[in-house]
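Chemist: This is query_6.txt (compact mmCIF, C-alpha atoms).
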```txt
# COMPACT_ATOMS: atom_id res chain seq x y z
CA MET A 1399 0.00 0.00 0.00
CA ASP A 1400 2.74 2.40 1.08
CA ASP A 1401 4.80 1.47 -1.95
CA SER A 1402 2.00 2.14 -4.42
CA GLN A 1403 1.41 5.57 -2.89
CA THR A 1404 5.09 6.38 -3.34
CA ARG A 1405 4.89 5.25 -6.94
CA LYS A 1406 1.81 7.38 -7.53
CA PHE A 1407 3.60 10.41 -6.02
CA GLN A 1408 6.60 9.80 -8.28
CA LYS A 1409 4.32 9.51 -11.32
CA ASP A 1410 2.57 12.80 -10.54
CA LEU A 1411 5.92 14.52 -10.08
CA ASN A 1412 7.19 13.16 -13.38
CA ALA A 1413 4.29 14.51 -15.44
CA GLY A 1414 6.14 17.72 -16.31
CA LEU A 1415 9.67 16.73 -15.38
CA VAL A 1416 10.08 14.16 -18.15
CA ALA A 1417 9.51 16.88 -20.76
CA LEU A 1418 12.01 19.17 -19.00
CA VAL A 1419 14.67 16.43 -18.84
CA LEU A 1420 14.16 15.50 -22.50
CA LEU A 1421 14.56 19.12 -23.61
CA ALA A 1422 17.72 19.41 -21.48
CA VAL A 1423 19.21 16.19 -22.89
CA LEU A 1424 18.65 17.37 -26.46
CA GLU A 1425 19.92 20.87 -25.68
CA HIS A 1426 23.24 19.51 -24.35
CA SER A 1427 23.71 16.95 -27.09
CA SER A 1428 25.92 18.02 -30.00
CA GLU A 1429 24.10 15.66 -32.39
CA ASP A 1430 20.51 14.60 -33.06
CA LEU A 1431 19.36 11.67 -30.92
CA TYR A 1432 16.76 8.95 -31.42
CA GLY A 1433 14.42 7.52 -28.83
CA TYR A 1434 16.47 4.50 -27.82
CA GLU A 1435 19.67 6.57 -27.47
CA ILE A 1436 17.91 9.11 -25.24
CA ALA A 1437 16.44 6.29 -23.15
CA LYS A 1438 19.89 4.75 -22.65
CA ARG A 1439 21.46 8.10 -21.68
CA LEU A 1440 18.80 8.56 -19.03
CA GLN A 1441 19.31 4.99 -17.84
CA ARG A 1442 23.09 5.50 -17.46
CA ALA A 1443 22.53 8.71 -15.53
CA SER A 1444 20.06 7.23 -13.06
CA GLU A 1445 22.03 5.34 -10.43
CA GLY A 1446 20.01 3.07 -8.24
CA GLY A 1447 16.56 3.12 -9.76
CA ALA A 1448 15.24 4.88 -12.84
CA LEU A 1449 12.74 7.61 -11.99
CA PHE A 1450 10.54 6.76 -14.94
CA LYS A 1451 10.06 3.92 -17.38
CA GLU A 1452 11.77 4.40 -20.73
CA GLY A 1453 8.53 3.57 -22.52
CA THR A 1454 6.99 6.77 -21.21
CA ILE A 1455 9.49 9.07 -22.96
CA TYR A 1456 8.34 8.20 -26.50
CA PRO A 1457 4.84 9.72 -26.25
CA VAL A 1458 6.35 12.79 -24.56
CA LEU A 1459 8.91 13.18 -27.38
CA ARG A 1460 6.05 13.03 -29.87
CA ALA A 1461 4.05 15.59 -27.89
CA LEU A 1462 7.04 17.97 -27.71
CA ALA A 1463 7.53 17.64 -31.47
CA ALA A 1464 3.82 18.30 -32.08
CA ALA A 1465 4.12 21.46 -29.96
CA GLY A 1466 7.04 22.68 -32.11
CA LEU A 1467 9.64 22.40 -29.33
CA LEU A 1468 11.49 19.64 -31.19
CA THR A 1469 11.95 18.80 -34.84
CA SER A 1470 12.39 15.26 -36.05
CA ARG A 1471 13.52 13.39 -39.12
CA VAL A 1472 13.39 9.73 -40.03
CA VAL A 1473 16.62 8.00 -41.02
CA PRO A 1474 16.67 4.45 -42.40
CA SER A 1475 18.78 2.13 -40.27
CA TYR A 1476 20.72 -0.93 -41.38
CA ALA A 1477 20.24 -2.62 -38.02
CA GLY A 1478 16.44 -2.54 -37.92
CA PRO A 1479 13.47 -0.21 -38.28
CA PRO A 1480 14.02 3.38 -39.45
CA ARG A 1481 14.86 5.69 -36.55
CA ARG A 1482 13.32 9.04 -35.73
CA TYR A 1483 16.01 11.55 -34.73
CA TYR A 1484 15.06 14.54 -32.62
CA ARG A 1485 16.63 18.00 -32.35
CA ILE A 1486 15.65 20.93 -30.14
CA THR A 1487 14.23 24.05 -31.86
CA GLU A 1488 14.80 27.69 -30.92
CA GLU A 1489 11.32 27.66 -29.41
CA GLY A 1490 12.33 24.59 -27.43
CA ARG A 1491 15.47 26.32 -26.11
CA ALA A 1492 13.45 29.33 -24.99
CA MET A 1493 10.94 27.02 -23.31
CA LEU A 1494 13.76 25.09 -21.62
CA ARG A 1495 15.19 28.31 -20.13
CA GLN A 1496 11.77 29.24 -18.76
CA TRP A 1497 11.05 25.77 -17.41
CA SER A 1498 14.52 25.55 -15.81
CA GLY A 1499 13.75 28.78 -13.96
CA VAL A 1500 10.43 27.38 -12.73
CA TRP A 1501 12.14 24.15 -11.69
CA ARG A 1502 14.88 25.93 -9.65
CA GLN A 1503 12.30 28.10 -7.96
CA THR A 1504 10.13 25.09 -7.12
CA ARG A 1505 13.09 23.05 -5.87
CA ASP A 1506 14.37 25.85 -3.61
CA PHE A 1507 10.90 26.49 -2.27
CA VAL A 1508 10.25 22.84 -1.47
CA ASP A 1509 13.73 22.37 0.01
CA ARG A 1510 13.23 25.26 2.38
CA PHE A 1511 10.34 23.40 4.03
CA ILE A 1512 11.76 19.89 3.89
CA GLU A 1513 15.13 20.88 5.35
CA GLY A 1514 13.48 23.01 7.99
CA MET A 1515 11.42 20.11 9.22
CA PRO A 1516 12.26 18.75 12.69
CA ALA A 1517 13.91 15.38 12.25
CA MET B 566 6.59 -9.80 -12.37
CA SER B 567 3.17 -11.08 -13.33
CA ALA B 568 2.66 -14.60 -14.60
CA ASN B 569 1.79 -13.52 -18.13
CA ALA B 570 4.87 -11.35 -18.65
CA PRO B 571 5.73 -11.29 -22.37
CA ARG B 572 8.55 -13.64 -23.42
CA SER B 573 9.05 -12.32 -26.96
CA ILE B 574 8.76 -9.09 -28.89
CA ASP B 575 5.67 -10.30 -30.70
CA GLU B 576 4.05 -11.25 -27.42
CA TYR B 577 4.90 -7.85 -25.92
CA LEU B 578 3.40 -6.04 -28.92
CA LYS B 579 0.29 -8.21 -28.73
CA GLN B 580 -0.18 -7.32 -25.04
CA LEU B 581 0.45 -3.64 -25.77
CA ARG B 582 -2.17 -3.73 -28.52
CA ALA B 583 -4.62 -5.40 -26.15
CA ALA B 584 -3.92 -2.77 -23.48
CA LEU B 585 -4.64 -0.02 -25.99
CA ALA B 586 -7.86 -1.63 -27.26
CA GLY B 587 -10.52 0.96 -27.99
CA GLN B 588 -8.01 3.77 -28.60
CA ASP B 589 -7.64 5.54 -31.91
CA PRO B 590 -6.10 3.06 -34.40
CA ALA B 591 -3.58 5.73 -35.45
CA LEU B 592 -2.40 6.08 -31.83
CA ILE B 593 -2.07 2.29 -31.57
CA GLN B 594 0.08 2.18 -34.70
CA ASP B 595 2.39 4.89 -33.30
CA ALA B 596 2.71 3.19 -29.90
CA LEU B 597 3.46 -0.20 -31.47
CA TYR B 598 6.06 1.40 -33.72
CA ASP B 599 7.86 3.11 -30.82
CA ALA B 600 7.83 -0.09 -28.75
CA GLU B 601 9.11 -2.23 -31.61
CA GLU B 602 11.93 0.25 -32.32
CA TYR B 603 13.01 0.12 -28.67
CA LEU B 604 12.64 -3.63 -28.20
CA ARG B 605 14.56 -4.54 -31.36
CA ALA B 606 17.35 -2.10 -30.47
CA GLU B 607 17.50 -3.57 -26.96
CA VAL B 608 17.71 -7.15 -28.26
CA ALA B 609 20.40 -6.10 -30.77
CA ALA B 610 22.37 -4.38 -27.97
CA HIS B 611 22.61 -7.67 -26.04
CA PRO B 612 23.87 -10.16 -28.62
CA GLY B 613 24.79 -12.71 -25.94
CA LYS B 614 21.31 -12.94 -24.49
CA SER B 615 18.23 -14.61 -25.92
CA GLU B 616 15.12 -12.58 -26.76
CA ALA B 617 13.32 -14.11 -23.76
CA ASP B 618 16.12 -13.05 -21.38
CA VAL B 619 16.05 -9.49 -22.67
CA LEU B 620 12.27 -9.34 -22.46
CA GLU B 621 12.43 -10.46 -18.84
CA LEU B 622 14.05 -7.15 -17.90
CA ILE B 623 11.83 -5.01 -20.13
CA ALA B 624 9.16 -4.42 -17.51
CA SER B 625 11.71 -2.63 -15.30
CA THR B 626 13.30 -0.54 -18.10
CA TYR B 627 10.82 0.19 -20.90
CA GLY B 628 7.79 -0.61 -18.76
CA ALA B 629 5.12 -3.29 -18.81
CA PRO B 630 2.59 -3.08 -21.67
CA GLU B 631 -0.14 -1.69 -19.38
CA GLU B 632 2.19 1.07 -18.09
CA VAL B 633 3.26 2.08 -21.59
CA ALA B 634 -0.36 2.05 -22.79
CA ALA B 635 -1.32 4.36 -19.91
CA ALA B 636 1.49 6.78 -20.84
CA TYR B 637 0.22 7.02 -24.42
CA ARG B 638 -3.38 7.49 -23.33
CA ASP B 639 -2.44 10.32 -20.92
CA THR B 640 -0.13 12.10 -23.34
CA GLU B 641 -2.58 11.81 -26.22
CA ALA B 642 -5.36 13.36 -24.14
CA LYS B 643 -3.09 16.26 -23.13
CA VAL B 644 -1.75 16.89 -26.63
CA LYS B 645 -5.24 16.80 -28.09
CA ALA B 646 -6.40 19.40 -25.58
CA ALA B 647 -3.35 21.60 -26.25
CA LEU B 648 -3.51 21.43 -30.03
CA ARG B 649 -7.25 21.92 -30.42
CA PRO B 650 -7.41 24.85 -32.89
CA HIS B 651 -10.41 26.66 -31.42
CA ALA B 652 -11.55 27.54 -27.96
CA PRO B 653 -14.24 25.10 -26.78
CA ARG B 654 -17.57 25.95 -28.34
CA SER B 655 -19.95 28.02 -26.27
CA ALA B 656 -22.46 25.87 -24.47
CA ALA B 657 -25.43 27.88 -25.72
CA PRO B 658 -27.11 26.08 -28.62
CA ARG B 659 -26.73 28.06 -31.83
CA SER B 660 -29.54 28.48 -34.31
CA ALA B 661 -29.48 26.37 -37.46
CA LEU B 662 -29.10 29.54 -39.54
CA ARG B 663 -26.04 30.68 -37.60
CA ARG B 664 -24.54 27.21 -37.80
CA PHE B 665 -25.11 27.21 -41.57
CA PHE B 666 -23.42 30.56 -42.15
CA GLY B 667 -20.89 30.10 -39.33
CA VAL B 668 -19.05 27.87 -41.81
CA PHE B 669 -17.43 31.04 -43.23
CA MET B 670 -15.55 31.40 -39.92
CA ASP B 671 -14.39 27.79 -39.81
CA VAL B 672 -10.79 27.17 -40.92
CA ARG B 673 -11.59 23.48 -41.48
CA ALA B 674 -14.17 24.37 -44.15
CA TYR B 675 -11.54 26.25 -46.16
CA THR B 676 -8.94 23.51 -45.78
CA SER B 677 -11.55 20.87 -46.67
CA LEU B 678 -12.43 22.78 -49.83
CA PHE B 679 -8.73 23.06 -50.65
CA TYR B 680 -8.34 19.31 -50.10
CA MET B 681 -11.24 18.62 -52.50
CA LEU B 682 -9.59 20.72 -55.20
CA LEU B 683 -6.25 19.02 -54.55
CA THR B 684 -7.63 15.47 -54.86
CA LEU B 685 -7.77 15.72 -58.65
CA ALA B 686 -3.97 16.09 -58.77
CA THR B 687 -3.22 13.54 -56.03
CA GLY B 688 -5.83 11.13 -57.45
CA ILE B 689 -4.22 11.15 -60.88
CA PHE B 690 -0.78 10.68 -59.32
CA TYR B 691 -1.84 7.79 -57.03
CA PHE B 692 -3.76 6.01 -59.78
CA THR B 693 -0.86 6.28 -62.23
CA PHE B 694 1.56 5.12 -59.53
CA VAL B 695 -0.45 2.01 -58.64
CA VAL B 696 -1.29 1.00 -62.21
CA THR B 697 2.32 1.49 -63.37
CA GLY B 698 3.70 -0.28 -60.31
CA LEU B 699 1.37 -3.27 -60.62
CA ALA B 700 1.93 -3.57 -64.37
CA LEU B 701 5.71 -3.38 -64.05
CA SER B 702 5.65 -5.81 -61.10
CA ALA B 703 3.71 -8.32 -63.19
CA GLY B 704 6.07 -7.79 -66.12
CA PHE B 705 9.22 -8.08 -64.01
CA ALA B 706 7.90 -11.11 -62.09
CA VAL B 707 9.68 -13.49 -64.46
CA LEU B 708 12.99 -11.62 -64.04
CA VAL B 709 15.43 -11.46 -61.13
CA ILE B 710 14.57 -7.83 -60.44
CA GLY B 711 10.84 -8.66 -60.08
CA ILE B 712 11.00 -9.34 -56.33
CA PRO B 713 13.00 -6.25 -55.23
CA PHE B 714 10.88 -4.13 -57.57
CA PHE B 715 7.65 -5.33 -56.01
CA LEU B 716 9.03 -4.76 -52.49
CA ALA B 717 10.09 -1.22 -53.41
CA PHE B 718 6.68 -0.58 -54.99
CA ILE B 719 4.75 -1.68 -51.88
CA GLY B 720 7.20 0.26 -49.67
CA MET B 721 6.58 3.42 -51.67
CA ALA B 722 2.82 2.84 -51.56
CA ARG B 723 3.07 2.76 -47.75
CA VAL B 724 5.06 5.99 -47.69
CA ILE B 725 2.45 7.61 -49.95
CA ALA B 726 -0.32 6.32 -47.66
CA LEU B 727 1.45 7.86 -44.66
CA GLY B 728 1.81 11.19 -46.51
CA GLU B 729 -1.85 11.14 -47.54
CA GLY B 730 -2.75 10.51 -43.88
CA ARG B 731 -0.64 13.46 -42.71
CA LEU B 732 -2.28 15.68 -45.36
CA LEU B 733 -5.77 14.54 -44.31
CA GLU B 734 -5.02 15.15 -40.63
CA ALA B 735 -3.82 18.66 -41.42
CA MET B 736 -6.92 19.38 -43.52
CA THR B 737 -9.67 17.67 -41.51
CA GLY B 738 -8.24 17.13 -38.02
CA GLU B 739 -8.90 13.38 -38.13
CA ARG B 740 -6.12 11.63 -36.19
CA MET B 741 -3.93 9.64 -38.61
CA PRO B 742 -0.68 7.70 -37.99
CA ARG B 743 2.50 9.70 -37.49
CA ARG B 744 4.71 6.65 -38.02
CA PRO B 745 4.85 4.22 -40.92
CA VAL B 746 3.88 0.60 -40.50
CA HIS B 747 6.73 -1.22 -38.84
CA PRO B 748 8.48 -3.47 -41.36
CA GLY B 749 8.95 -6.19 -38.73
CA PRO B 750 12.04 -8.28 -38.10
CA PRO B 751 14.61 -8.63 -40.87
CA ALA B 752 13.65 -11.61 -43.02
CA SER B 753 14.38 -13.04 -46.42
CA TRP B 754 12.85 -11.37 -49.44
CA LEU B 755 10.53 -14.24 -50.12
CA THR B 756 9.11 -14.24 -46.56
CA ARG B 757 8.65 -10.48 -46.69
CA ILE B 758 6.83 -10.71 -50.02
CA ALA B 759 4.64 -13.49 -48.68
CA ASP B 760 3.87 -11.38 -45.58
CA MET B 761 3.00 -8.38 -47.74
CA LEU B 762 0.70 -10.45 -49.93
CA LYS B 763 -1.03 -11.88 -46.86
CA ASP B 764 -1.42 -8.46 -45.23
CA VAL B 765 -4.95 -7.18 -45.90
CA ARG B 766 -3.75 -3.62 -45.50
CA THR B 767 -1.43 -3.92 -48.52
CA TRP B 768 -4.48 -4.50 -50.70
CA THR B 769 -6.74 -1.94 -49.05
CA THR B 770 -3.95 0.66 -49.41
CA LEU B 771 -3.67 -0.03 -53.15
CA LEU B 772 -7.47 0.05 -53.41
CA TYR B 773 -7.56 3.44 -51.70
CA LEU B 774 -4.92 4.85 -54.04
CA LEU B 775 -6.91 3.57 -57.05
CA VAL B 776 -10.33 4.91 -55.98
CA MET B 777 -8.74 8.30 -55.30
CA LEU B 778 -8.91 8.98 -59.06
CA PRO B 779 -12.72 8.73 -59.48
CA LEU B 780 -13.23 10.31 -56.06
CA GLY B 781 -10.78 13.10 -56.93
CA ILE B 782 -12.62 13.83 -60.17
CA LEU B 783 -15.93 13.92 -58.29
CA TYR B 784 -14.62 16.11 -55.44
CA PHE B 785 -12.85 18.51 -57.78
CA THR B 786 -15.92 18.86 -60.02
CA LEU B 787 -18.24 19.47 -57.07
CA ALA B 788 -15.89 22.00 -55.46
CA ALA B 789 -14.99 23.82 -58.67
CA THR B 790 -18.59 24.00 -59.95
CA GLY B 791 -20.03 25.07 -56.60
CA LEU B 792 -17.31 27.66 -56.02
CA SER B 793 -17.51 29.29 -59.45
CA PHE B 794 -21.32 29.29 -59.38
CA GLY B 795 -21.52 30.82 -55.90
CA LEU B 796 -18.69 33.30 -56.41
CA ARG B 797 -20.12 34.58 -59.69
CA LEU B 798 -23.50 35.28 -58.09
CA ALA B 799 -22.00 36.76 -54.92
CA LEU B 800 -19.72 39.04 -56.96
CA ALA B 801 -22.32 39.92 -59.65
CA PRO B 802 -22.51 43.66 -58.74
CA LEU B 803 -18.72 43.89 -58.80
CA LEU B 804 -18.65 42.21 -62.21
CA LEU B 805 -21.22 44.68 -63.58
CA VAL B 806 -19.38 47.70 -62.18
CA GLY B 807 -16.05 46.35 -63.40
CA ARG B 808 -17.51 45.89 -66.86
CA ALA B 809 -19.08 49.36 -66.89
CA VAL B 810 -15.87 51.18 -65.96
CA GLY B 811 -13.80 49.04 -68.28
CA TRP B 812 -11.72 47.04 -65.79
CA LEU B 813 -13.20 43.85 -67.22
CA PRO B 814 -13.69 43.03 -70.91
CA HIS B 815 -17.28 43.30 -72.19
CA ASP B 816 -17.62 39.62 -72.92
CA VAL B 817 -17.34 38.65 -69.22
CA HIS B 818 -20.78 37.48 -68.13
CA VAL B 819 -22.28 37.12 -64.70
CA MET B 820 -23.78 33.73 -65.52
CA PHE B 821 -23.73 32.53 -69.12
CA GLU B 822 -24.88 33.65 -72.52
CA ILE B 823 -27.06 32.25 -75.30
CA ASP B 824 -26.73 33.76 -78.77
CA GLY B 825 -24.83 36.73 -77.37
CA THR B 826 -27.51 37.56 -74.78
CA GLU B 827 -26.64 37.38 -71.12
CA ILE B 828 -28.89 34.94 -69.28
CA HIS B 829 -29.45 35.32 -65.54
CA GLY B 830 -33.10 34.38 -65.12
CA PRO B 831 -36.42 34.26 -67.00
CA PRO B 832 -36.29 36.36 -70.23
CA SER B 833 -39.17 38.53 -68.93
CA LEU B 834 -36.69 40.08 -66.46
CA GLY B 835 -34.83 41.84 -69.24
CA PRO B 836 -31.11 42.68 -69.09
CA LEU B 837 -29.33 42.50 -65.75
CA THR B 838 -29.27 45.88 -64.00
CA PHE B 839 -27.03 46.86 -61.11
CA ILE B 840 -30.02 46.86 -58.71
CA GLY B 841 -31.03 43.46 -60.08
CA SER B 842 -27.55 42.11 -59.52
CA LEU B 843 -27.75 43.03 -55.83
CA PHE B 844 -30.47 40.38 -55.45
CA LEU B 845 -28.04 37.76 -56.71
CA VAL B 846 -25.57 38.42 -53.85
CA PRO B 847 -27.52 36.68 -51.04
CA LEU B 848 -28.24 33.77 -53.38
CA GLY B 849 -24.52 33.47 -54.08
CA LEU B 850 -23.67 33.60 -50.39
CA VAL B 851 -26.20 30.85 -49.64
CA ILE B 852 -24.69 28.68 -52.36
CA LEU B 853 -21.14 29.34 -51.09
CA ALA B 854 -22.16 28.48 -47.53
CA ALA B 855 -23.83 25.28 -48.79
CA VAL B 856 -20.70 24.35 -50.75
CA MET B 857 -18.46 24.91 -47.72
CA ASN B 858 -20.77 22.95 -45.41
CA ALA B 859 -20.76 20.14 -47.94
CA ALA B 860 -16.95 20.33 -48.25
CA ARG B 861 -16.52 19.99 -44.50
CA TRP B 862 -18.86 17.03 -44.43
CA ILE B 863 -17.31 15.33 -47.49
CA ALA B 864 -13.75 15.78 -46.17
CA ARG B 865 -14.75 14.27 -42.82
CA ALA B 866 -16.45 11.32 -44.52
CA HIS B 867 -13.42 10.89 -46.77
CA ALA B 868 -11.06 10.92 -43.77
CA ARG B 869 -13.09 8.09 -42.24
CA LEU B 870 -12.86 6.15 -45.50
CA ALA B 871 -9.10 6.73 -45.57
CA LYS B 872 -8.79 5.50 -42.02
CA ALA B 873 -10.85 2.40 -42.75
CA LEU B 874 -8.64 1.49 -45.72
CA LEU B 875 -5.20 2.80 -44.70
CA VAL B 876 -5.07 2.33 -40.93
CA GLU B 877 -7.69 0.02 -39.50
CA PRO B 878 -6.90 -3.24 -41.32
CA GLY B 879 -3.58 -3.04 -39.32
CA PRO B 880 -0.88 -5.72 -39.45
```
Take the structure I supplied and represent it as structure tokens, if you would.
Modeler:
Amino acid sequence: MDDSQTRKFQKDLNAGLVALVLLAVLEHSSEDLYGYEIAKRLQRASEGGALFKEGTIYPVLRALAAAGLLTSRVVPSYAGPPRRYYRITEEGRAMLRQWSGVWRQTRDFVDRFIEGMPA
Amino acid sequence: MSANAPRSIDEYLKQLRAALAGQDPALIQDALYDAEEYLRAEVAAHPGKSEADVLELIASTYGAPEEVAAAYRDTEAKVKAALRPHAPRSAAPRSALRRFFGVFMDVRAYTSLFYMLLTLATGIFYFTFVVTGLALSAGFAVLVIGIPFFLAFIGMARVIALGEGRLLEAMTGERMPRRPVHPGPPASWLTRIADMLKDVRTWTTLLYLLVMLPLGILYFTLAATGLSFGLRLALAPLLLVGRAVGWLPHDVHVMFEIDGTEIHGPPSLGPLTFIGSLFLVPLGLVILAAVMNAARWIARAHARLAKALLVEPGP
């Protein structure tokens, strides 16, 4: 019971964070990335347990592209199905700067209460 | 892990499809495509392990089929809400008259009309493509190049179908796939040809591309006739003034002529006067509104036909 509530809390938190992380990953990458590559980068970065399932990043990538924050192109692959490569747009960069500001503000605000709590 | 955890890629995709049952078929195609891309890359990245071993860990990395299905459902609902072109309609019921003429304010009516005019060009192109492709495939069948040619032909037909879907979604708002059909695991040419021949969607796609010619002719004729008829009546006063001051040549007629006499109604009315032409304007506007209402309806019906033939038969 306790565990499922923790999972639900994590899921609610992730709703906007996944989009923020994906924008940041693509902003810092020098080349275009495809879904599997992005998933593996996130997996390498998350020590211990992954915060979200890799399957959930694909629909978010598609949503970001539909909103004009990413562009994508399909490249045939010798190893298997054609891959869809994503790149961040100028609009996406502007959005990332705004969202990063919101994130820092939120984090500092929340930390102030959590760290001030009596142990 | 639950007892019915998928042991192979096909099994995983089957469970994902089941978990998405009832969703838009275009969304299902996209979700299956994304999952297959990931799963095949994951299996290829672990050459030492069997497919079953890799799949065992999938639930903790990519997510179980139900989890992934939930992610697509949530995201789709949010994106739909965000991309909806207009503000939600006012709750107050609008009169039939206002609904009829409100079509002039609807972007979809203009894009639908544009689509109808475009179908003549695309219809001719699709029809020529399919007939040429089928004829050459039959001709090449006895030669070595017959098999790769047929594969390339079907592959191109699928790309065209995807493009037509994207065009229709842009024009009518009907959700269509954003990913092509997944080609499946690498296999020999003969197996892939056999799979293509067995796939109902291959045939319905070709059928759609063929019927686009007669449909395109019909749509174009309806749209072009209705538009020119309505516009001529609605702009009749302008035409008369333009003719009088010499901006337009004298042989431009509001409607049509018989034996050099301009016809716009019963002969007892006499020649068309400027005041008379003002009465033609509302008639023209009614016809234009009717044409645009019809265009919106036809484009929507056509999008459903396209979905039934290009998407729903699914692999």
Chemist: At what distance in Å, to one decimal, does atom CA of B:Val851 lie from atom CA of B:Phe839?
Modeler: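 Computing the Euclidean distance for atom CA of B:Phe839 and atom CA of B:Val851 yields 19.7 Å.
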Chemist: Could you tell me which of A:Asp1401, A:Ser1427, A:Tyr1456, A:Val1416 comes closest to chain B if we count all atoms listed in the file?
Modeler: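 Checking each candidate against chain B, we get A:Tyr1456 as the closest.
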Chemist: Contacts from chain B to chain A, 6 Å maximum, all atoms listed in the file: show me the residue list as JSON, numbers by chain.
Modeler: {"B": [603, 626, 627, 628, 633, 636, 637]}
Chemist: Give me the residues within 10 Å of B:Glu607 as a ChimeraX atom specification, counting only C-alpha atoms and dropping any in the same chain fewer than 2 places off.
Modeler: /A:1434,1438 /B:601-605,609-612,616,619-620,623,627
Chemist: Any idea what the distance is between atom CA of A:Leu1431 and atom CA of A:Tyr1483?
Modeler: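 Atom CA of A:Tyr1483 lies at a distance of 5.1 Å from atom CA of A:Leu1431.
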Chemist: For stretch 673-688 of chain B, find every residue with an atom within 9 Å (counting only C-alpha atoms), except residues of its own chain fewer than 4 positions away, and show them as a PyMOL selection string.
Modeler: chain B and resi 668-669+692-693+729+732-733+735-738+774-789+856-865
Chemist: Please compute the atom CA of B:Arg757-atom CA of B:Glu621 distance, one decimal, in Å.
Modeler: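 About the pair atom CA of B:Arg757 and atom CA of B:Glu621: they are 28.1 Å apart.
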Chemist: Have a look at B:Gly667, B:Gly711, B:Pro630, B:Gly795 and name the one nearest to B:Pro571; count all atoms listed in the file.
Modeler: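 Among the listed residues, B:Pro630 lies closest to B:Pro571.
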Chemist: Residues near A:Glu1489, anyone? I mean within 12 Å using only C-alpha atoms, not counting same-chain ones fewer than 3 positions away, as a PyMOL selection string.
Modeler: chain A and resi 1421+1425+1462-1463+1465-1469+1485-1486+1492-1496
Chemist: Using only C-alpha atoms, which protein or nucleic acid residues come within 12 Å of stretch 1501-1503 of chain A? Drop anything in the same chain fewer than 3 positions from it, and give the result as a CSV table (one decimal) with C-alpha atoms, keeping the file's coordinate frame.
Modeler:
```
chain,number,residue,atom,x,y,z
A,1411,LEU,CA,5.9,14.5,-10.1
A,1414,GLY,CA,6.1,17.7,-16.3
A,1415,LEU,CA,9.7,16.7,-15.4
A,1417,ALA,CA,9.5,16.9,-20.8
A,1418,LEU,CA,12.0,19.2,-19.0
A,1419,VAL,CA,14.7,16.4,-18.8
A,1494,LEU,CA,13.8,25.1,-21.6
A,1495,ARG,CA,15.2,28.3,-20.1
A,1496,GLN,CA,11.8,29.2,-18.8
A,1497,TRP,CA,11.0,25.8,-17.4
A,1498,SER,CA,14.5,25.6,-15.8
A,1506,ASP,CA,14.4,25.8,-3.6
A,1507,PHE,CA,10.9,26.5,-2.3
A,1508,VAL,CA,10.2,22.8,-1.5
A,1509,ASP,CA,13.7,22.4,0.0
A,1510,ARG,CA,13.2,25.3,2.4
```
Chemist: Please identify all polymer residues within 7 Å of stretch 868-878 of chain B, counting only C-alpha atoms, omitting same-chain residues fewer than 6 positions from it, and present them as JSON, numbers by chain.
Modeler: {"B": [590, 591, 726, 733, 739, 765, 766, 769, 770, 773]}
Chemist: Write out N, CA and C atoms for stretch 700-710 of chain B, as a compact mmCIF listing (two decimals), keeping the file's coordinate frame.
Modeler:
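Saved as out.txt:
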```
# COMPACT_ATOMS: atom_id res chain seq x y z
N ALA B 700 1.63 -3.06 -63.04
CA ALA B 700 1.93 -3.57 -64.37
C ALA B 700 3.40 -3.96 -64.47
N LEU B 701 4.28 -3.08 -63.98
CA LEU B 701 5.71 -3.38 -64.05
C LEU B 701 6.05 -4.58 -63.16
N SER B 702 5.39 -4.68 -61.99
CA SER B 702 5.65 -5.81 -61.10
C SER B 702 5.30 -7.12 -61.81
N ALA B 703 4.13 -7.11 -62.48
CA ALA B 703 3.71 -8.32 -63.19
C ALA B 703 4.71 -8.63 -64.30
N GLY B 704 5.15 -7.58 -65.01
CA GLY B 704 6.07 -7.79 -66.12
C GLY B 704 7.43 -8.28 -65.64
N PHE B 705 7.90 -7.72 -64.52
CA PHE B 705 9.22 -8.08 -64.01
C PHE B 705 9.21 -9.40 -63.25
N ALA B 706 8.01 -9.95 -62.97
CA ALA B 706 7.90 -11.11 -62.09
C ALA B 706 8.75 -12.27 -62.60
N VAL B 707 8.92 -12.37 -63.92
CA VAL B 707 9.68 -13.49 -64.46
C VAL B 707 11.18 -13.22 -64.38
N LEU B 708 11.57 -11.97 -64.08
CA LEU B 708 12.99 -11.62 -64.04
C LEU B 708 13.50 -11.59 -62.61
N VAL B 709 14.83 -11.50 -62.46
CA VAL B 709 15.43 -11.46 -61.13
C VAL B 709 15.00 -10.20 -60.39
N ILE B 710 14.86 -9.09 -61.14
CA ILE B 710 14.57 -7.83 -60.44
C ILE B 710 13.10 -7.73 -60.03
```
